[in-house]
file run_4.tsv (TSV, C-alpha atoms)
chain	number	residue	atom	x	y	z
A	8	MET	CA	80.89	-18.05	8.79
A	9	SER	CA	78.45	-16.18	6.56
A	10	HIS	CA	81.29	-15.50	4.15
A	11	GLN	CA	81.70	-19.25	3.80
A	12	ILE	CA	77.98	-19.57	3.18
A	13	VAL	CA	78.17	-17.04	0.35
A	14	LEU	CA	81.22	-18.74	-1.08
A	15	ALA	CA	79.35	-22.02	-0.94
A	16	ALA	CA	76.46	-20.34	-2.70
A	17	SER	CA	78.78	-19.13	-5.41
A	18	ALA	CA	80.20	-22.64	-5.68
A	19	VAL	CA	76.69	-23.84	-6.48
A	20	THR	CA	77.01	-22.22	-9.93
A	21	ASN	CA	76.71	-24.37	-13.03
A	22	SER	CA	74.94	-27.13	-11.19
A	23	GLY	CA	71.38	-28.25	-10.78
A	24	GLY	CA	71.05	-26.46	-7.48
A	25	GLU	CA	71.45	-23.13	-9.17
A	26	ALA	CA	68.45	-23.75	-11.41
A	27	VAL	CA	66.23	-24.51	-8.43
A	28	ALA	CA	67.47	-21.47	-6.54
A	29	PHE	CA	67.12	-19.25	-9.61
A	30	TRP	CA	63.53	-20.20	-10.32
A	31	PHE	CA	62.58	-19.85	-6.67
A	32	LEU	CA	64.22	-16.42	-6.37
A	33	ALA	CA	62.88	-15.26	-9.74
A	34	VAL	CA	59.31	-16.15	-8.85
A	35	VAL	CA	59.62	-14.58	-5.40
A	36	SER	CA	61.20	-11.36	-6.66
A	37	VAL	CA	58.81	-10.88	-9.59
A	38	ALA	CA	55.81	-11.57	-7.35
A	39	ALA	CA	57.08	-9.10	-4.75
A	40	ALA	CA	57.77	-6.49	-7.43
A	41	LEU	CA	54.27	-6.91	-8.82
A	42	GLY	CA	52.90	-6.58	-5.30
A	43	MET	CA	54.88	-3.33	-4.96
A	44	ILE	CA	52.94	-1.64	-7.72
A	45	LEU	CA	49.62	-3.21	-6.71
A	46	THR	CA	49.52	-2.60	-2.96
A	47	ARG	CA	48.15	0.72	-1.87
A	48	ARG	CA	50.00	1.35	1.38
A	49	ALA	CA	53.56	2.63	1.22
A	50	VAL	CA	54.69	0.44	4.16
A	51	HIS	CA	53.69	-2.76	2.40
A	52	CYS	CA	55.53	-1.47	-0.63
A	53	ALA	CA	58.72	-1.02	1.43
A	54	VAL	CA	58.48	-4.53	2.88
A	55	LEU	CA	57.98	-6.02	-0.58
A	56	LEU	CA	60.95	-4.02	-1.84
A	57	ALA	CA	63.03	-5.54	0.97
A	58	ILE	CA	62.02	-9.01	-0.26
A	59	VAL	CA	63.06	-8.10	-3.82
A	60	MET	CA	66.41	-6.73	-2.62
A	61	LEU	CA	67.18	-9.77	-0.47
A	62	SER	CA	66.39	-12.20	-3.27
A	63	LEU	CA	68.55	-10.13	-5.61
A	64	ALA	CA	71.36	-10.34	-3.06
A	65	ALA	CA	71.04	-14.12	-3.13
A	66	THR	CA	71.11	-13.95	-6.91
A	67	TYR	CA	74.33	-11.95	-6.81
A	68	ALA	CA	75.87	-14.56	-4.54
A	69	MET	CA	74.81	-17.29	-6.94
A	70	GLN	CA	76.51	-15.49	-9.82
A	71	GLY	CA	79.89	-15.26	-8.18
A	72	ALA	CA	79.62	-11.79	-6.69
A	73	PRO	CA	79.79	-12.42	-2.93
A	74	PHE	CA	81.08	-8.92	-2.16
A	75	LEU	CA	78.21	-7.25	-3.99
A	76	ALA	CA	75.75	-9.58	-2.29
A	77	PHE	CA	76.94	-8.30	1.08
A	78	VAL	CA	76.92	-4.70	-0.13
A	79	GLN	CA	73.39	-5.19	-1.39
A	80	VAL	CA	72.22	-6.43	1.99
A	81	ILE	CA	74.09	-3.78	3.98
A	82	VAL	CA	73.59	-0.73	1.77
A	83	TYR	CA	70.19	-1.37	0.22
A	84	THR	CA	68.28	-3.46	2.70
A	85	GLY	CA	70.06	-1.96	5.68
A	86	ALA	CA	70.57	1.71	4.89
A	87	VAL	CA	68.42	2.78	1.95
A	88	LEU	CA	65.32	0.93	3.04
A	89	MET	CA	65.69	2.13	6.63
A	90	LEU	CA	65.93	5.68	5.28
A	91	PHE	CA	62.72	5.07	3.35
A	92	LEU	CA	61.02	3.82	6.49
A	93	PHE	CA	62.21	6.82	8.53
A	94	VAL	CA	60.84	9.24	5.94
A	95	MET	CA	57.66	7.21	5.92
A	96	MET	CA	57.36	7.79	9.66
A	97	ILE	CA	57.67	11.55	9.02
A	98	VAL	CA	55.25	11.61	6.11
A	99	GLY	CA	52.78	9.32	7.85
A	100	VAL	CA	52.49	5.56	7.81
A	101	SER	CA	48.88	5.74	6.74
A	102	ALA	CA	49.77	7.55	3.53
A	103	ALA	CA	47.99	5.53	0.89
A	104	ASP	CA	47.60	6.33	-2.76
A	105	SER	CA	44.30	7.71	-3.92
A	106	ILE	CA	42.54	5.56	-6.46
A	107	ILE	CA	41.19	8.44	-8.52
A	108	GLU	CA	43.00	8.87	-11.80
A	109	THR	CA	43.97	12.48	-12.40
A	110	ILE	CA	44.98	11.80	-15.98
A	111	ARG	CA	42.36	9.87	-17.90
A	112	GLY	CA	43.52	6.43	-18.95
A	113	GLN	CA	46.83	6.79	-17.15
A	114	ARG	CA	46.92	3.21	-15.91
A	115	LEU	CA	45.95	1.81	-19.30
A	116	TRP	CA	48.62	3.77	-21.13
A	117	ALA	CA	51.19	2.94	-18.45
A	118	ALA	CA	50.39	-0.76	-18.81
A	119	LEU	CA	50.64	-0.50	-22.59
A	120	ALA	CA	53.97	1.32	-22.32
A	121	GLY	CA	55.21	-1.34	-19.91
A	122	ILE	CA	54.24	-4.15	-22.26
A	123	ALA	CA	55.83	-2.37	-25.20
A	124	MET	CA	59.02	-1.84	-23.24
A	125	LEU	CA	59.04	-5.49	-22.15
A	126	VAL	CA	58.62	-6.69	-25.75
A	127	LEU	CA	61.33	-4.32	-26.95
A	128	LEU	CA	63.84	-5.34	-24.30
A	129	ILE	CA	63.09	-9.06	-24.66
A	130	LEU	CA	63.60	-8.76	-28.42
A	131	VAL	CA	66.90	-6.95	-27.92
A	132	VAL	CA	68.12	-9.52	-25.41
A	133	GLY	CA	66.85	-12.35	-27.58
A	134	HIS	CA	68.75	-11.09	-30.59
A	135	ALA	CA	71.95	-10.57	-28.64
A	136	ALA	CA	74.31	-13.50	-28.54
A	137	VAL	CA	74.29	-14.26	-24.84
A	138	GLY	CA	76.62	-17.17	-24.54
A	139	SER	CA	76.87	-19.59	-21.70
A	140	ALA	CA	78.86	-18.53	-18.69
A	141	PRO	CA	82.40	-19.79	-18.25
A	142	PRO	CA	82.94	-21.80	-15.08
A	143	ALA	CA	83.40	-19.68	-11.98
A	144	GLY	CA	87.04	-18.77	-11.54
A	145	PRO	CA	88.91	-17.66	-8.45
A	146	GLN	CA	87.70	-14.10	-9.09
A	147	ASN	CA	84.20	-15.31	-8.24
A	148	GLY	CA	85.23	-16.88	-4.98
A	149	ALA	CA	87.95	-16.14	-2.49
A	150	GLN	CA	89.65	-13.52	-4.70
A	151	ASN	CA	86.49	-11.56	-5.40
A	152	VAL	CA	87.23	-8.72	-3.01
A	153	THR	CA	90.89	-8.40	-3.98
A	154	GLY	CA	89.99	-8.46	-7.66
A	155	LEU	CA	87.40	-5.75	-7.21
A	156	ALA	CA	89.81	-3.66	-5.17
A	157	ARG	CA	92.50	-4.00	-7.81
A	158	LEU	CA	90.07	-2.83	-10.51
A	159	ILE	CA	88.64	0.04	-8.45
A	160	PHE	CA	92.02	1.44	-7.48
A	161	THR	CA	93.70	1.03	-10.87
A	162	THR	CA	91.40	1.12	-13.89
A	163	TYR	CA	88.48	2.85	-12.27
A	164	VAL	CA	90.33	5.13	-9.89
A	165	PHE	CA	89.06	8.33	-11.49
A	166	PRO	CA	85.35	7.35	-11.30
A	167	PHE	CA	86.02	6.27	-7.74
A	168	GLU	CA	87.35	9.72	-6.83
A	169	VAL	CA	84.42	11.38	-8.61
A	170	THR	CA	82.14	9.16	-6.53
A	171	SER	CA	83.57	10.66	-3.36
A	172	ALA	CA	82.74	14.15	-4.66
A	173	LEU	CA	79.22	12.93	-5.42
A	174	LEU	CA	78.78	11.55	-1.91
A	175	ILE	CA	79.98	14.79	-0.31
A	176	THR	CA	77.63	16.78	-2.54
A	177	ALA	CA	74.73	14.48	-1.66
A	178	ALA	CA	75.41	14.82	2.07
A	179	LEU	CA	75.59	18.62	1.80
A	180	GLY	CA	72.46	18.72	-0.35
A	181	ALA	CA	70.52	16.59	2.11
A	182	MET	CA	71.58	18.85	4.98
A	183	VAL	CA	70.60	22.01	3.09
A	184	LEU	CA	67.30	20.61	1.87
A	185	ALA	CA	66.21	19.06	5.15
A	186	HIS	CA	67.22	22.06	7.24
A	187	ARG	CA	64.31	24.13	8.48
A	188	GLU	CA	64.68	27.83	9.17
A	189	ARG	CA	62.74	28.91	12.24
A	190	THR	CA	60.30	31.58	11.14
A	191	SER	CA	58.67	32.21	14.52
A	192	PRO	CA	60.47	32.74	17.82
A	193	ARG	CA	61.07	29.64	19.90
A	194	PRO	CA	58.24	29.18	22.42
A	195	THR	CA	59.41	29.67	25.98
A	196	GLN	CA	58.55	27.35	28.84
A	197	ARG	CA	56.12	29.92	30.22
A	198	LEU	CA	54.34	30.17	26.86
A	199	LEU	CA	54.15	26.39	26.54
A	200	ALA	CA	52.69	26.03	30.05
A	201	ARG	CA	50.14	28.76	29.38
A	202	ARG	CA	49.13	27.15	26.10
A	203	ARG	CA	48.78	23.78	27.76
A	204	VAL	CA	46.49	25.10	30.48
A	205	ALA	CA	44.47	27.06	27.94
A	206	SER	CA	43.98	23.95	25.84
A	207	GLY	CA	41.68	22.45	28.48
A	208	ARG	CA	43.78	19.34	29.17
A	209	PRO	CA	46.71	20.18	31.42
A	210	THR	CA	47.68	16.55	31.94
A	211	PRO	CA	49.49	14.43	29.37
A	212	LEU	CA	47.46	12.18	27.12
A	213	PRO	CA	46.77	8.69	28.49
A	214	GLY	CA	49.17	5.96	27.49
A	215	PRO	CA	48.16	3.04	25.28
A	216	GLY	CA	46.49	-0.01	26.73
A	217	THR	CA	49.64	-1.70	27.89
A	218	TYR	CA	48.70	-4.83	29.85
A	219	ALA	CA	45.05	-3.82	29.93
A	220	ARG	CA	44.08	-6.60	27.53
A	221	HIS	CA	47.09	-6.77	25.26
A	222	ASN	CA	50.51	-5.10	25.29
A	223	ALA	CA	50.52	-3.55	21.79
A	224	VAL	CA	50.76	0.23	21.43
A	225	ASP	CA	47.84	0.33	19.03
A	226	MET	CA	45.45	-1.08	21.63
A	227	PRO	CA	43.40	1.61	23.33
A	228	ALA	CA	43.59	1.83	27.11
A	229	LEU	CA	40.52	0.85	29.06
A	230	LEU	CA	38.97	3.58	31.19
A	231	PRO	CA	37.72	2.70	34.70
A	232	ASP	CA	34.24	2.15	33.33
A	233	GLY	CA	35.55	-0.34	30.75
A	234	THR	CA	35.32	1.84	27.67
A	235	PRO	CA	38.37	2.08	25.40
A	236	SER	CA	39.96	5.53	25.42
A	237	GLU	CA	40.43	6.83	21.90
A	238	LEU	CA	42.96	9.41	23.07
A	239	SER	CA	45.42	6.78	24.23
A	240	VAL	CA	46.36	5.64	20.72
A	241	SER	CA	48.65	7.76	18.59
A	242	GLU	CA	47.03	9.22	15.48
A	243	VAL	CA	49.77	7.70	13.35
A	244	LEU	CA	48.84	4.22	14.51
A	245	SER	CA	45.12	4.75	14.35
A	246	GLY	CA	45.52	5.68	10.70
A	247	GLY	CA	42.63	8.06	10.78
A	248	GLY	CA	40.49	6.13	8.32
A	249	ALA	CA	39.27	2.85	6.95
A	250	ALA	CA	42.83	1.84	6.05
A	251	GLY	CA	44.11	2.36	9.58
A	252	ILE	CA	45.55	-0.22	11.89
A	253	ARG	CA	43.02	0.56	14.58
A	254	PRO	CA	40.12	-1.47	13.13
A	255	ALA	CA	42.23	-4.63	13.37
A	256	ALA	CA	43.14	-3.78	16.94
A	257	ARG	CA	39.54	-3.06	17.76
A	258	ALA	CA	38.57	-6.38	16.27
A	259	MET	CA	41.21	-8.09	18.40
A	260	LEU	CA	39.85	-6.35	21.45
A	261	GLY	CA	36.85	-8.59	20.95
A	262	GLY	CA	33.17	-8.18	21.39
A	263	GLN	CA	33.38	-8.08	25.16
A	264	ALA	CA	34.73	-4.55	25.37
A	265	GLN	CA	32.28	-3.46	22.70
A	266	ALA	CA	29.43	-4.85	24.78
A	267	VAL	CA	30.82	-3.10	27.85
A	268	GLN	CA	31.11	0.08	25.84
A	269	THR	CA	27.49	0.03	24.67
A	270	GLN	CA	26.34	-0.81	28.15
A	271	ALA	CA	28.37	2.07	29.52
A	272	VAL	CA	26.94	4.42	26.94
A	273	GLN	CA	23.44	3.43	27.97
A	274	THR	CA	23.85	3.51	31.71
A	275	GLN	CA	26.65	5.96	32.45
A	276	ALA	CA	25.91	8.88	30.21
A	277	VAL	CA	27.17	11.23	32.87
A	278	GLN	CA	30.63	9.70	32.82
A	279	GLU	CA	30.69	9.63	29.03
A	280	ALA	CA	30.11	13.35	28.73
A	281	PRO	CA	33.62	14.53	29.71
A	282	LEU	CA	35.16	11.90	27.43
A	283	ASP	CA	33.20	13.25	24.50
A	284	ALA	CA	34.11	16.79	25.45
A	285	ASP	CA	37.78	15.84	25.24
A	286	GLN	CA	37.53	14.56	21.70
A	287	PRO	CA	37.61	17.89	19.80
A	288	ASP	CA	40.75	18.91	21.65
A	289	SER	CA	42.76	15.96	20.38
A	290	GLY	CA	44.08	17.92	17.41
A	291	SER	CA	45.68	20.64	19.48
A	292	GLN	CA	47.01	18.02	21.87
A	293	GLU	CA	48.72	16.24	19.02
A	294	ASP	CA	50.38	19.46	17.93
A	295	GLU	CA	51.75	20.05	21.34
A	296	ARG	CA	53.16	16.59	21.86
B	13	MET	CA	71.74	-21.41	-15.73
B	14	SER	CA	72.76	-19.27	-18.65
B	15	PRO	CA	73.18	-15.52	-18.07
B	16	ALA	CA	70.24	-15.00	-20.43
B	17	HIS	CA	67.91	-16.16	-17.66
B	18	TYR	CA	69.25	-13.56	-15.27
B	19	ILE	CA	69.07	-10.86	-17.93
B	20	ALA	CA	65.45	-11.80	-18.64
B	21	LEU	CA	64.70	-11.53	-14.91
B	22	ALA	CA	66.41	-8.13	-14.86
B	23	VAL	CA	64.31	-6.98	-17.83
B	24	ILE	CA	61.09	-8.07	-16.13
B	25	LEU	CA	61.99	-6.32	-12.88
B	26	PHE	CA	63.03	-3.18	-14.78
B	27	VAL	CA	59.73	-3.03	-16.64
B	28	ILE	CA	57.75	-3.59	-13.44
B	29	GLY	CA	59.65	-0.72	-11.82
B	30	GLY	CA	59.02	1.51	-14.82
B	31	VAL	CA	55.29	0.80	-14.76
B	32	GLY	CA	55.30	1.55	-11.04
B	33	VAL	CA	56.94	4.93	-11.66
B	34	LEU	CA	54.27	5.71	-14.25
B	35	VAL	CA	51.29	4.48	-12.25
B	36	ARG	CA	51.92	5.28	-8.60
B	37	ARG	CA	51.46	8.80	-7.28
B	38	ASN	CA	52.89	8.60	-3.79
B	39	ALA	CA	56.35	10.08	-4.18
B	40	LEU	CA	57.85	7.56	-1.75
B	41	VAL	CA	56.52	4.65	-3.76
B	42	VAL	CA	57.80	6.26	-6.95
B	43	PHE	CA	61.25	6.41	-5.35
B	44	MET	CA	61.03	2.78	-4.36
B	45	CYS	CA	60.13	1.82	-7.92
B	46	VAL	CA	63.17	3.78	-9.16
B	47	GLU	CA	65.26	1.75	-6.71
B	48	LEU	CA	63.74	-1.41	-8.15
B	49	MET	CA	64.80	-0.32	-11.65
B	50	LEU	CA	68.35	0.37	-10.44
B	51	ASN	CA	68.51	-3.03	-8.79
B	52	ALA	CA	67.36	-4.70	-12.00
B	53	VAL	CA	70.13	-2.94	-13.91
B	54	ASN	CA	72.64	-4.11	-11.30
B	55	LEU	CA	71.47	-7.67	-11.81
B	56	ALA	CA	72.04	-7.32	-15.56
B	57	PHE	CA	75.52	-5.89	-14.96
B	58	ILE	CA	76.47	-8.79	-12.73
B	59	ALA	CA	75.09	-11.31	-15.22
B	60	PHE	CA	77.17	-9.69	-17.97
B	61	ALA	CA	80.23	-9.71	-15.73
B	62	ARG	CA	79.77	-13.43	-15.22
B	63	MET	CA	79.21	-14.00	-18.91
B	64	HIS	CA	82.51	-12.33	-19.77
B	65	GLY	CA	84.34	-13.93	-16.88
B	66	ALA	CA	85.58	-10.51	-15.74
B	67	LEU	CA	84.94	-8.27	-12.77
B	68	ASP	CA	84.33	-4.97	-14.61
B	69	GLY	CA	80.56	-5.40	-14.55
B	70	GLN	CA	80.66	-5.91	-10.80
B	71	VAL	CA	82.64	-2.68	-10.41
B	72	ILE	CA	80.02	-0.81	-12.46
B	73	ALA	CA	77.25	-2.32	-10.33
B	74	PHE	CA	79.14	-1.11	-7.27
B	75	PHE	CA	79.21	2.43	-8.68
B	76	VAL	CA	75.50	2.21	-9.47
B	77	MET	CA	74.86	1.34	-5.82
B	78	VAL	CA	76.83	4.40	-4.68
B	79	VAL	CA	74.95	6.70	-7.05
B	80	ALA	CA	71.63	5.18	-5.98
B	81	ALA	CA	72.43	5.79	-2.32
B	82	ALA	CA	73.26	9.45	-3.05
B	83	GLU	CA	70.11	9.81	-5.12
B	84	VAL	CA	67.94	8.39	-2.33
B	85	VAL	CA	69.45	10.76	0.24
B	86	VAL	CA	68.83	13.87	-1.83
B	87	GLY	CA	65.46	12.71	-3.08
B	88	LEU	CA	64.14	11.94	0.37
B	89	ALA	CA	65.41	15.30	1.65
B	90	ILE	CA	63.47	17.03	-1.13
B	91	LEU	CA	60.46	14.91	-0.27
B	92	THR	CA	60.53	15.89	3.41
B	93	SER	CA	60.92	19.59	2.57
B	94	ILE	CA	57.97	19.38	0.15
B	95	PHE	CA	55.93	17.52	2.73
B	96	ARG	CA	56.75	20.15	5.33
B	97	THR	CA	55.26	22.95	3.22
B	98	ARG	CA	52.46	21.11	1.41
B	99	ARG	CA	51.49	18.41	3.92
B	100	SER	CA	51.29	15.88	1.12
B	101	ALA	CA	53.53	13.24	-0.43
B	102	SER	CA	51.56	12.95	-3.64
B	103	VAL	CA	53.31	13.89	-6.85
B	104	ASP	CA	50.11	15.51	-8.09
B	105	ASP	CA	50.14	18.18	-5.41
B	106	ALA	CA	53.52	19.66	-6.32
B	107	ASN	CA	52.34	21.22	-9.56
B	108	LEU	CA	53.47	24.84	-9.34
B	109	LEU	CA	56.33	24.29	-11.78
B	110	LYS	CA	54.05	22.67	-14.31
B	111	TYR	CA	53.24	25.47	-16.72

call {"tool": "encode", "arguments": {"input": "run_4.tsv", "output": "structure tokens"}}
result
Amino acid sequence: MSHQIVLAASAVTNSGGEAVAFWFLAVVSVAAALGMILTRRAVHCAVLLAIVMLSLAATYAMQGAPFLAFVQVIVYTGAVLMLFLFVMMIVGVSAADSIIETIRGQRLWAALAGIAMLVLLILVVGHAAVGSAPPAGPQNGAQNVTGLARLIFTTYVFPFEVTSALLITAALGAMVLAHRERTSPRPTQRLLARRRVASGRPTPLPGPGTYARHNAVDMPALLPDGTPSELSVSEVLSGGGAAGIRPAARAMLGGQAQAVQTQAVQTQAVQEAPLDADQPDSGSQEDER
Amino acid sequence: MSPAHYIALAVILFVIGGVGVLVRRNALVVFMCVELMLNAVNLAFIAFARMHGALDGQVIAFFVMVVAAAEVVVGLAILTSIFRTRRSASVDDANLLKY
């Protein structure tokens, strides 16, 4: 089904529909690429990169490369980008670039270098005799995969075999680099229990505010007195700063809970005290989780 | 559409990726900009393949994808090991090999 769609897309070539699709995809991909270097948060960057990759996949399909269009979606958008997102979860979703320039005038010189490179490349391409494309043959349609396979396993068979060596080396390298040697002995169950009791909070941390007001994990749970519990939201989601997700969630929580919170602070100072006492322990709790 | 349009689009995307590599300092974002540059080159290869009416350019683009996947795997492994010791993903913090 989808193969037929891609074949139909490659049949669009050399017609008016291709121009419309090209300009749409070009504008979308260039805008997303510009957004990639302008947005500060790495997650937004990954999503914009997914947009660029998907529009490039459509461009490949338009140019009579249906196999590579599928490989682009599966390998890049599916595997590579997911790998990026997994590493982003390890490094921290809230990782945003700092605005301070460590090298003076770095952005200015980078922009100048980019413009110079653009002018250079456009001049080179403009001087080259790029003719018009011949009409799409059978190698751009139903025989695309067989044609590619014939080339890979005859003319390019040696690079193909070298590629397998490269992939094995990359897998081994990733395993060696990501492996962590344990430098301290593994904590026993007794040690973990003792540490947990000594930390002052023997119970697990409260869960997020599922079904309290909203079923998102970044919504804080409401305590019995109506105040939102800060401990119930993971530090990764709270972002730990002005760029975090939590302010949006707090805004969605609405003014009602805020009013309840201020009222509770005024009237029930006795019940607030243990909540405040728990706050400094949150770091050690996060380590243990 | 002539292949020149696609090549111009590839040039623009390549330059944007290059500027991103120069400007951004989060190592993850730098990697993503490198991926953008590789994708732009793939687009140029496919446009050239169409211009010549042959499939060789598509084969080269296929190999570029394989190499890019291997590069991402190793690069992200290095990134996680650096993050584990330095607690930072900024390219400015890994400066012990600088001088």

call {"tool": "residues_around", "arguments": {"input": "run_4.tsv", "residues": "Ala106 in chain B", "least_positions_apart": "5", "cutoff": "10 Å", "atoms": "only C-alpha atoms", "output": "number ranges by chain"}}
result
B: 94-95, 98, 100-101

call {"tool": "atom_distance", "arguments": {"input": "run_4.tsv", "atom1": "CA of His186 in chain A", "atom2": "CA of Ala89 in chain B"}}
result
9.0 Å

call {"tool": "closest_atom_pairs", "arguments": {"input": "run_4.tsv", "of": "chain B", "to": "chain A", "cutoff": "8 Å", "atoms": "only C-alpha atoms", "output": "tab-separated table"}}
result
residue	atom	partner	partner_atom	distance
B:Met13	CA	A:Ala26	CA	5.9
B:Ser14	CA	A:Ser139	CA	5.1
B:Pro15	CA	A:Ala140	CA	6.5
B:Ala16	CA	A:Val137	CA	6.0
B:Ile19	CA	A:Val132	CA	7.7
B:Ala20	CA	A:Ile129	CA	7.0
B:Leu21	CA	A:Ala33	CA	6.6
B:Val23	CA	A:Leu128	CA	6.7
B:Ile24	CA	A:Leu125	CA	6.9
B:Leu25	CA	A:Val37	CA	6.5
B:Val27	CA	A:Gly121	CA	5.8
B:Ile28	CA	A:Leu41	CA	6.7
B:Gly29	CA	A:Ala40	CA	7.5
B:Gly30	CA	A:Gly121	CA	7.0
B:Val31	CA	A:Gly121	CA	5.6
B:Gly32	CA	A:Ile44	CA	5.2
B:Leu34	CA	A:Ala117	CA	5.9
B:Val35	CA	A:Arg114	CA	5.8
B:Arg36	CA	A:Ile44	CA	7.0
B:Arg37	CA	A:Asp104	CA	6.4
B:Asn38	CA	A:Asp104	CA	5.8
B:Leu40	CA	A:Ala49	CA	7.2
B:Val41	CA	A:Ala49	CA	6.1
B:Met44	CA	A:Leu56	CA	7.3
B:Cys45	CA	A:Met43	CA	7.9
B:Leu48	CA	A:Leu56	CA	7.4
B:Asn51	CA	A:Met60	CA	7.5
B:Leu55	CA	A:Tyr67	CA	7.2
B:Ile58	CA	A:Tyr67	CA	7.0
B:Ala59	CA	A:Gln70	CA	7.0
B:Arg62	CA	A:Ala140	CA	6.2
B:Met63	CA	A:Ala140	CA	4.5
B:His64	CA	A:Ala140	CA	7.3
B:Gly65	CA	A:Pro141	CA	6.3
B:Ala66	CA	A:Gln146	CA	7.8
B:Leu67	CA	A:Leu155	CA	6.6
B:Asp68	CA	A:Leu158	CA	7.4
B:Gln70	CA	A:Ala72	CA	7.2
B:Val71	CA	A:Leu155	CA	6.5
B:Phe74	CA	A:Leu75	CA	7.0
B:Phe75	CA	A:Thr170	CA	7.6
B:Met77	CA	A:Val82	CA	8.0
B:Val78	CA	A:Thr170	CA	7.4
B:Val79	CA	A:Thr170	CA	7.6
B:Ala81	CA	A:Val87	CA	6.6
B:Ala82	CA	A:Ala177	CA	5.4
B:Glu83	CA	A:Ala177	CA	7.4
B:Val84	CA	A:Val87	CA	7.1
B:Val85	CA	A:Ala181	CA	6.2
B:Val86	CA	A:Ala181	CA	5.1
B:Leu88	CA	A:Val94	CA	7.0
B:Ala89	CA	A:Ala185	CA	5.2
B:Ile90	CA	A:Leu184	CA	6.0
B:Thr92	CA	A:Ala185	CA	6.7
B:Ser93	CA	A:Ala185	CA	5.9
B:Phe95	CA	A:Val98	CA	6.8
B:Ser100	CA	A:Val98	CA	7.7
B:Ala101	CA	A:Val98	CA	7.0
B:Ser102	CA	A:Asp104	CA	7.8

call {"tool": "atom_distance", "arguments": {"input": "run_4.tsv", "atom1": "CA of Val224 in chain A", "atom2": "CA of Ser239 in chain A"}}
result
8.9 Å

call {"tool": "atom_distance", "arguments": {"input": "run_4.tsv", "atom1": "CA of Val33 in chain B", "atom2": "CA of Asn54 in chain B"}}
result
18.1 Å

call {"tool": "decode", "arguments": {"input": "run_4.tsv", "residues": "range 147-157 of chain A", "atoms": "N, CA, C and O atoms", "output": "compact mmCIF listing (two decimals), in the first residue's frame"}}
result
# COMPACT_ATOMS: atom_id res chain seq x y z
N ASN A 147 13.67 4.05 -11.56
CA ASN A 147 13.15 4.93 -10.53
C ASN A 147 11.81 4.46 -9.99
O ASN A 147 11.23 5.13 -9.15
N GLY A 148 11.32 3.38 -10.50
CA GLY A 148 10.01 2.93 -10.05
C GLY A 148 10.04 1.53 -9.49
O GLY A 148 10.66 1.27 -8.46
N ALA A 149 9.45 0.61 -10.21
CA ALA A 149 9.30 -0.74 -9.68
C ALA A 149 10.63 -1.47 -9.61
O ALA A 149 10.81 -2.37 -8.80
N GLN A 150 11.60 -1.08 -10.48
CA GLN A 150 12.88 -1.80 -10.48
C GLN A 150 13.95 -1.10 -9.67
O GLN A 150 15.14 -1.35 -9.83
N ASN A 151 13.52 -0.19 -8.79
CA ASN A 151 14.50 0.56 -8.00
C ASN A 151 15.30 -0.36 -7.08
O ASN A 151 16.53 -0.30 -7.03
N VAL A 152 14.59 -1.22 -6.37
CA VAL A 152 15.27 -2.07 -5.39
C VAL A 152 16.17 -3.09 -6.08
O VAL A 152 17.32 -3.29 -5.68
N THR A 153 15.67 -3.68 -7.17
CA THR A 153 16.51 -4.67 -7.86
C THR A 153 17.73 -4.00 -8.49
O THR A 153 18.83 -4.57 -8.46
N GLY A 154 17.55 -2.80 -9.02
CA GLY A 154 18.68 -2.10 -9.60
C GLY A 154 19.73 -1.78 -8.55
O GLY A 154 20.94 -1.96 -8.78
N LEU A 155 19.27 -1.29 -7.41
CA LEU A 155 20.21 -0.99 -6.32
C LEU A 155 20.92 -2.26 -5.87
O LEU A 155 22.14 -2.25 -5.64
N ALA A 156 20.18 -3.33 -5.74
CA ALA A 156 20.79 -4.58 -5.28
C ALA A 156 21.83 -5.07 -6.28
O ALA A 156 22.92 -5.52 -5.90
N ARG A 157 21.51 -4.94 -7.57
CA ARG A 157 22.48 -5.37 -8.58
C ARG A 157 23.76 -4.57 -8.48
O ARG A 157 24.86 -5.12 -8.54
